[in-house]
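Reproduced below: model.txt, with compact mmCIF, C-alpha atoms.
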```txt
# COMPACT_ATOMS: atom_id res chain seq x y z
CA MET A 1 83.79 102.77 88.98
CA LYS A 2 86.43 104.86 90.67
CA VAL A 3 86.98 105.05 94.44
CA GLN A 4 85.84 108.69 94.36
CA GLU A 5 82.39 107.66 93.15
CA LEU A 6 82.17 104.97 95.86
CA VAL A 7 83.01 107.60 98.48
CA GLU A 8 80.33 109.97 97.22
CA LYS A 9 77.55 107.42 96.73
CA LEU A 10 78.03 105.64 100.06
CA ASN A 11 78.92 108.74 102.04
CA LEU A 12 82.28 107.37 103.18
CA LYS A 13 84.91 109.37 104.99
CA VAL A 14 88.34 109.48 103.38
CA LEU A 15 90.85 108.92 106.20
CA SER A 16 94.01 108.73 104.11
CA GLY A 17 95.44 108.06 100.67
CA ALA A 18 93.24 110.71 99.01
CA ASN A 19 95.60 110.86 96.03
CA GLY A 20 94.42 107.39 95.13
CA LEU A 21 90.72 108.26 94.77
CA ASP A 22 91.01 107.82 91.01
CA ARG A 23 91.87 104.12 91.43
CA GLU A 24 89.54 101.84 89.49
CA ILE A 25 87.34 99.39 91.44
CA ASP A 26 86.81 95.82 90.32
CA GLY A 27 84.74 93.86 92.84
CA CYS A 28 84.93 93.55 96.59
CA TYR A 29 86.30 91.14 99.17
CA ILE A 30 85.34 90.92 102.84
CA SER A 31 87.43 89.23 105.49
CA ASP A 32 89.24 90.02 108.72
CA LEU A 33 91.73 87.19 108.22
CA LEU A 34 94.80 88.52 106.45
CA SER A 35 95.81 85.21 104.91
CA ASP A 36 92.32 84.82 103.53
CA VAL A 37 92.64 88.19 101.80
CA MET A 38 96.17 87.33 100.63
CA GLY A 39 94.93 84.08 99.16
CA ASN A 40 91.62 85.15 97.69
CA ALA A 41 91.20 88.88 97.11
CA MET A 42 91.70 90.09 93.55
CA GLU A 43 93.46 93.13 92.12
CA GLY A 44 91.15 96.16 92.15
CA ASN A 45 88.89 94.83 94.93
CA ILE A 46 87.42 96.98 97.66
CA TRP A 47 88.39 95.38 100.99
CA ILE A 48 85.93 95.73 103.86
CA THR A 49 87.46 94.93 107.26
CA LEU A 50 87.67 95.82 110.93
CA GLN A 51 91.45 95.35 111.13
CA THR A 52 93.30 98.64 111.59
CA HIS A 53 96.99 97.73 112.00
CA LYS A 54 99.70 98.32 109.44
CA ASN A 55 99.64 94.82 107.96
CA VAL A 56 96.31 95.69 106.41
CA MET A 57 98.17 98.14 104.20
CA ALA A 58 100.91 95.60 103.44
CA VAL A 59 98.29 93.14 102.22
CA ALA A 60 96.29 95.78 100.30
CA SER A 61 99.43 97.06 98.62
CA LEU A 62 100.83 93.63 97.72
CA LYS A 63 97.45 92.57 96.31
CA GLU A 64 96.96 95.93 94.53
CA LEU A 65 93.50 96.40 96.01
CA ALA A 66 91.58 99.57 95.12
CA CYS A 67 90.81 100.75 98.66
CA ILE A 68 90.01 99.68 102.20
CA ILE A 69 86.73 100.38 103.98
CA LEU A 70 86.93 100.30 107.78
CA VAL A 71 83.59 99.56 109.41
CA LYS A 72 81.96 100.92 112.57
CA ASN A 73 84.00 104.15 112.57
CA LEU A 74 87.18 102.23 113.33
CA VAL A 75 90.35 104.29 113.07
CA PRO A 76 93.63 103.02 111.61
CA ASN A 77 96.81 103.53 113.60
CA ASP A 78 99.37 106.14 112.51
CA GLU A 79 101.66 103.71 110.69
CA THR A 80 98.72 102.44 108.66
CA ILE A 81 97.73 105.98 107.67
CA GLU A 82 101.31 106.82 106.75
CA GLN A 83 101.63 103.88 104.38
CA SER A 84 98.22 104.60 102.87
CA ASN A 85 99.35 108.14 102.06
CA ASP A 86 102.73 106.93 100.77
CA GLU A 87 101.12 104.45 98.39
CA ASP A 88 98.05 106.52 97.42
CA LEU A 89 95.87 103.61 98.49
CA PRO A 90 92.80 105.11 100.18
CA ILE A 91 91.46 104.05 103.56
CA LEU A 92 87.78 104.91 103.84
CA GLN A 93 85.55 104.81 106.89
CA THR A 94 81.89 104.09 107.46
CA SER A 95 79.80 104.18 110.63
CA LEU A 96 77.93 101.09 109.42
CA PRO A 97 78.71 97.52 110.45
CA THR A 98 80.06 95.10 107.85
CA TYR A 99 76.72 93.55 106.85
CA GLU A 100 75.12 96.91 106.15
CA ILE A 101 77.98 98.40 104.14
CA ALA A 102 78.45 95.14 102.25
CA GLY A 103 74.85 95.29 101.08
CA LEU A 104 75.25 98.85 99.87
CA VAL A 105 78.51 98.05 98.07
CA TYR A 106 76.92 95.01 96.46
CA ASN A 107 73.99 97.01 95.15
CA LEU A 108 76.26 99.77 93.88
CA LEU A 109 78.56 97.39 92.01
CA HIS A 110 75.60 95.49 90.53
CA GLU A 111 73.56 98.50 89.44
CA MET B 1 120.39 88.10 90.92
CA HIS B 2 120.75 87.35 94.60
CA LEU B 3 118.87 89.29 97.31
CA GLU B 4 118.77 88.88 101.08
CA TYR B 5 116.44 90.28 103.72
CA GLN B 6 116.34 89.99 107.50
CA VAL B 7 113.11 89.54 109.44
CA TYR B 8 112.76 89.90 113.19
CA GLU B 9 110.61 88.26 115.82
CA ALA B 10 107.23 89.96 116.34
CA ASP B 11 108.22 92.79 113.97
CA PHE B 12 104.79 92.92 112.36
CA VAL B 13 105.20 96.56 111.36
CA ASN B 14 107.74 95.51 108.74
CA ALA B 15 105.97 92.34 107.63
CA GLY B 16 105.69 92.42 103.86
CA ALA B 17 108.74 94.62 103.28
CA ALA B 18 110.72 91.82 101.63
CA SER B 19 107.71 90.77 99.55
CA SER B 20 107.21 94.35 98.43
CA SER B 21 110.88 94.69 97.44
CA ILE B 22 110.85 91.42 95.49
CA LYS B 23 107.62 92.48 93.80
CA LYS B 24 109.23 95.71 92.58
CA THR B 25 112.30 93.85 91.35
CA LEU B 26 110.24 91.28 89.42
CA LYS B 27 108.18 94.08 87.86
CA GLN B 28 111.37 95.78 86.70
CA LEU B 29 112.46 92.47 85.19
CA ASN B 30 109.15 92.31 83.28
CA VAL B 31 108.03 89.07 84.89
CA SER B 32 104.33 88.52 84.12
CA PRO B 33 101.85 90.00 86.62
CA GLN B 34 100.22 86.60 87.22
CA ILE B 35 103.54 85.08 88.26
CA ILE B 36 104.41 88.06 90.45
CA LYS B 37 101.06 87.73 92.25
CA ARG B 38 101.85 84.11 93.15
CA VAL B 39 105.37 84.92 94.33
CA VAL B 40 104.06 87.76 96.50
CA VAL B 41 101.39 85.65 98.23
CA ALA B 42 103.85 82.85 98.99
CA LEU B 43 106.65 85.08 100.20
CA TYR B 44 104.37 87.25 102.34
CA GLU B 45 103.05 84.20 104.15
CA ALA B 46 106.55 82.87 104.72
CA GLU B 47 107.66 86.28 105.97
CA VAL B 48 104.77 86.47 108.42
CA ASN B 49 105.47 82.93 109.63
CA ALA B 50 109.06 83.81 110.48
CA ILE B 51 107.88 86.94 112.32
CA ALA B 52 104.93 85.34 114.12
CA HIS B 53 106.28 81.91 114.99
CA ALA B 54 110.07 82.12 114.98
CA TYR B 55 112.73 84.35 116.49
CA GLY B 56 113.36 85.94 113.12
CA GLY B 57 115.31 84.78 110.14
CA THR B 58 116.79 85.45 106.74
CA ILE B 59 115.12 85.45 103.33
CA TYR B 60 117.31 84.48 100.39
CA ALA B 61 115.99 85.17 96.91
CA ASP B 62 117.65 84.00 93.72
CA ILE B 63 116.19 85.29 90.49
CA GLU B 64 117.17 83.47 87.33
CA PRO B 65 115.89 84.06 83.79
CA ASP B 66 113.28 81.29 84.12
CA LYS B 67 112.46 81.10 87.83
CA ILE B 68 112.74 82.53 91.31
CA THR B 69 113.96 80.49 94.25
CA LEU B 70 113.11 81.73 97.73
CA LYS B 71 114.52 80.33 100.92
CA VAL B 72 113.28 81.51 104.31
CA VAL B 73 115.54 80.27 107.09
CA ASP B 74 114.40 80.99 110.63
CA THR B 75 115.76 80.29 114.05
CA GLY B 76 112.89 79.27 116.22
CA PRO B 77 110.96 76.53 117.92
CA GLY B 78 110.68 74.47 114.75
CA ILE B 79 107.64 72.51 113.61
CA PRO B 80 107.17 69.12 115.32
CA ASP B 81 104.69 67.82 112.72
CA ILE B 82 105.00 69.42 109.29
CA ASP B 83 102.09 67.42 107.81
CA TRP B 84 99.83 68.79 110.55
CA ALA B 85 101.07 72.35 109.95
CA MET B 86 100.41 72.04 106.20
CA GLN B 87 96.72 71.36 106.76
CA GLU B 88 94.44 74.34 106.38
CA GLY B 89 93.04 75.54 109.71
CA ASN B 90 95.86 74.23 111.88
CA SER B 91 97.84 76.89 113.71
CA THR B 92 99.86 77.37 116.87
CA ALA B 93 99.63 81.18 116.76
CA SER B 94 99.20 83.13 120.00
CA PRO B 95 95.88 84.88 120.81
CA GLU B 96 97.55 88.27 120.14
CA VAL B 97 98.63 87.17 116.69
CA ARG B 98 95.16 85.75 115.98
CA ASN B 99 93.54 89.03 116.98
CA MET B 100 95.52 90.74 114.24
CA GLY B 101 93.88 88.44 111.72
CA PHE B 102 96.81 86.05 111.41
CA GLY B 103 97.03 82.49 112.69
CA ALA B 104 94.05 81.13 110.79
CA GLY B 105 96.10 78.18 109.61
CA MET B 106 96.08 79.39 106.02
CA GLY B 107 99.71 80.45 105.62
CA LEU B 108 101.42 77.25 104.55
CA PRO B 109 98.43 76.13 102.43
CA ASN B 110 98.52 79.55 100.70
CA ILE B 111 102.20 79.00 99.97
CA GLN B 112 101.58 75.53 98.58
CA LYS B 113 98.85 76.78 96.24
CA ASN B 114 101.08 79.46 94.74
CA VAL B 115 104.47 77.83 94.19
CA ASP B 116 105.69 75.19 91.78
CA LYS B 117 107.99 73.57 94.30
CA LEU B 118 107.86 73.65 98.10
CA ASN B 119 110.14 72.05 100.63
CA VAL B 120 109.69 72.58 104.36
CA THR B 121 112.32 71.19 106.69
CA SER B 122 112.37 71.74 110.41
CA THR B 123 114.28 70.77 113.52
CA VAL B 124 112.50 71.26 116.82
CA GLY B 125 114.40 73.73 118.98
CA VAL B 126 116.55 74.91 116.07
CA GLY B 127 114.38 76.35 113.34
CA THR B 128 112.56 75.91 110.07
CA THR B 129 113.58 76.34 106.45
CA VAL B 130 110.96 76.96 103.77
CA GLU B 131 112.22 76.64 100.19
CA MET B 132 109.96 77.76 97.38
CA GLU B 133 110.34 77.89 93.65
CA VAL B 134 108.15 79.64 91.10
CA ASN B 135 108.73 79.16 87.39
CA PHE B 136 108.32 82.16 85.11
CA THR B 137 106.88 80.19 82.21
```

Can I see the file as C-alpha cells?
Amino acid sequence: MKVQELVEKLNLKVLSGANGLDREIDGCYISDLLSDVMGNAMEGNIWITLQTHKNVMAVASLKELACIILVKNLVPNDETIEQSNDEDLPILQTSLPTYEIAGLVYNLLHE
Amino acid sequence: MHLEYQVYEADFVNAGAASSSIKKTLKQLNVSPQIIKRVVVALYEAEVNAIAHAYGGTIYADIEPDKITLKVVDTGPGIPDIDWAMQEGNSTASPEVRNMGFGAGMGLPNIQKNVDKLNVTSTVGVGTTVEMEVNFT
C-alpha cells in the first residue's frame, strides 16, 4: 500500500512532504520515545507519534520510514515541516488519539 | 576515508546530521543496507548523547574496505558509572530532554546491539569517548 492510499482511506491531512505520497508502506510502529523508534522501527513503517520537533524527521529519515502520523491534530514545528518537504517524507495528521488511529491502521494493513 | 563532524551542546536541531552524512557516504561506497542501518542507529545515539549530556564534541569516522570505526569524543561531565549507564532504562537526562522523547535510557544499549566492538571510556569532569566498530562482512 502506498501512503496516498492510507491518506485517502483514513481521511488524514497531508501537512508536508506531499511529493513522497507514492512511498510504499510496510507495517507500522508506535512510540513517542525516539531511541525506541531508532532501535525497533523497520524500513517502510508508518510511525504514529505525538512528538512534533525536528528530531522526529531525523529519525524517520535515518530509518527510511514511509511516513509519520501525528495524532490529536498536533502540528509539527517549521523546521520539521521543512525537512519533511526536503526529503519527500510525508507528515500526516489525524484528529484521533493514538489508540483510535492505531486500530484503523491495523485493520487497513491486515485487510 | 577519514571524516570529522562537530556536535554542539543542546543543538538538537542538527542531531542526526553526521549520521545522515555517513549514511550517504556508505551508500555511495555500496556497503550493504543491513550494515548501514546498524551504523546509523549506533552513530545517531552517540550523536544525541554528546548533544544531550555533554558540552558538545567531535565525531571521527574512519572508513576502511572492511569496516567503519567511529569515535565520538565529548567534553562534558563524564559518566561516573559506565556499567550503570549501559543498562537499559538508566538515564540522567533532564526533564526537557525527556519530554522530547529522549532520555529513556536506551541510547547506549542501542549502540551495543548494533556494533561489533564498543569501548566507552570516561573521566568525570573531563568527558567521554565512545569508540565503535562495525564490520562490513

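Among A:Ile69, A:Leu62, A:Met57, A:Cys28, the residue with the shortest atom-to-atom distance to A:Tyr106, counting all atoms listed in the file, is A:Cys28.
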
Closest atom pairs, chain A residues within 10 Å of chain B, all atoms listed in the file, as a tab-separated table:
```
residue	atom	partner	partner_atom	distance
A:Ser31	CA	B:Gly101	CA	9.0
A:Asp32	CA	B:Gly101	CA	5.7
A:Leu33	CA	B:Gly101	CA	4.3
A:Leu34	CA	B:Gly101	CA	5.4
A:Ser35	CA	B:Met106	CA	5.9
A:Asp36	CA	B:Met106	CA	7.1
A:Val37	CA	B:Val41	CA	9.8
A:Met38	CA	B:Val41	CA	6.0
A:Gly39	CA	B:Asn110	CA	6.0
A:Asn40	CA	B:Asn110	CA	9.4
A:Met42	CA	B:Lys37	CA	9.7
A:Glu43	CA	B:Lys37	CA	9.3
A:Leu50	CA	B:Gly101	CA	9.7
A:Gln51	CA	B:Met100	CA	6.9
A:Thr52	CA	B:Met100	CA	8.6
A:His53	CA	B:Met100	CA	7.5
A:Lys54	CA	B:Val13	CA	6.1
A:Asn55	CA	B:Val13	CA	6.7
A:Val56	CA	B:Met100	CA	9.3
A:Met57	CA	B:Gly16	CA	9.5
A:Ala58	CA	B:Gly16	CA	5.8
A:Val59	CA	B:Gly16	CA	7.6
A:Ser61	CA	B:Ser20	CA	8.2
A:Leu62	CA	B:Ser20	CA	6.5
A:Lys63	CA	B:Lys37	CA	7.3
A:Glu64	CA	B:Lys37	CA	9.4
A:Glu79	CA	B:Val13	CA	8.0
A:Thr80	CA	B:Val13	CA	9.2
```

Could you write those residues out with C-alpha atoms, as a PDB file, keeping the file's coordinate frame?
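Contents of the output file again_31.pdb:
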```pdb
ATOM      1  CA  SER A  31      87.430  89.230 105.490  1.00  0.00           C
ATOM      2  CA  ASP A  32      89.240  90.020 108.720  1.00  0.00           C
ATOM      3  CA  LEU A  33      91.730  87.190 108.220  1.00  0.00           C
ATOM      4  CA  LEU A  34      94.800  88.520 106.450  1.00  0.00           C
ATOM      5  CA  SER A  35      95.810  85.210 104.910  1.00  0.00           C
ATOM      6  CA  ASP A  36      92.320  84.820 103.530  1.00  0.00           C
ATOM      7  CA  VAL A  37      92.640  88.190 101.800  1.00  0.00           C
ATOM      8  CA  MET A  38      96.170  87.330 100.630  1.00  0.00           C
ATOM      9  CA  GLY A  39      94.930  84.080  99.160  1.00  0.00           C
ATOM     10  CA  ASN A  40      91.620  85.150  97.690  1.00  0.00           C
ATOM     11  CA  MET A  42      91.700  90.090  93.550  1.00  0.00           C
ATOM     12  CA  GLU A  43      93.460  93.130  92.120  1.00  0.00           C
ATOM     13  CA  LEU A  50      87.670  95.820 110.930  1.00  0.00           C
ATOM     14  CA  GLN A  51      91.450  95.350 111.130  1.00  0.00           C
ATOM     15  CA  THR A  52      93.300  98.640 111.590  1.00  0.00           C
ATOM     16  CA  HIS A  53      96.990  97.730 112.000  1.00  0.00           C
ATOM     17  CA  LYS A  54      99.700  98.320 109.440  1.00  0.00           C
ATOM     18  CA  ASN A  55      99.640  94.820 107.960  1.00  0.00           C
ATOM     19  CA  VAL A  56      96.310  95.690 106.410  1.00  0.00           C
ATOM     20  CA  MET A  57      98.170  98.140 104.200  1.00  0.00           C
ATOM     21  CA  ALA A  58     100.910  95.600 103.440  1.00  0.00           C
ATOM     22  CA  VAL A  59      98.290  93.140 102.220  1.00  0.00           C
ATOM     23  CA  SER A  61      99.430  97.060  98.620  1.00  0.00           C
ATOM     24  CA  LEU A  62     100.830  93.630  97.720  1.00  0.00           C
ATOM     25  CA  LYS A  63      97.450  92.570  96.310  1.00  0.00           C
ATOM     26  CA  GLU A  64      96.960  95.930  94.530  1.00  0.00           C
ATOM     27  CA  GLU A  79     101.660 103.710 110.690  1.00  0.00           C
ATOM     28  CA  THR A  80      98.720 102.440 108.660  1.00  0.00           C
TER      29      THR A  80
END
```

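Considering the residues A:Asn107, A:Ala102, A:Asn77, A:Cys67 and counting all atoms listed in the file, A:Val14 has its shortest atom-to-atom contact with A:Cys67.
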
Checklist entry - Excluding same-chain residues fewer than 6 positions from stretch 2-4 of chain A, what lies within 9 Å of it counting only C-alpha atoms, as a list of chain:residue names? => result A:Ala18, A:Gly20, A:Leu21, A:Asp22, A:Arg23, A:Glu24, A:Ile25, A:Ile46, A:Ala66, A:Cys67, A:Pro90

Item to check | stretch 56-71 of chain B surroundings by all atoms listed in the file, 9 Å radius, close-in-sequence under 6 positions cut, as a count of residues only | outcome: 27

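Of note, atom CA of B:Leu29 and atom CA of A:Ala41 are spaced 24.6 Å apart.
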
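With distances restricted to only C-alpha atoms, A:Leu70 is the closest residue to A:Leu12 from A:Leu65, A:Leu109, A:Val75, A:Leu70.
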
Checklist outcome for this item: atom CA of A:Ile30 to atom CA of A:Thr98 measures 8.4 Å

Checklist outcome for this item: re atom CA of B:Val126 and atom CA of B:Val72: distance 13.9 Å

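With only C-alpha atoms as the basis for measurement, B:Gly76 is the residue among B:Asn30, B:Lys24, B:Gly76, B:Ile51 that approaches B:Gly127 most closely.
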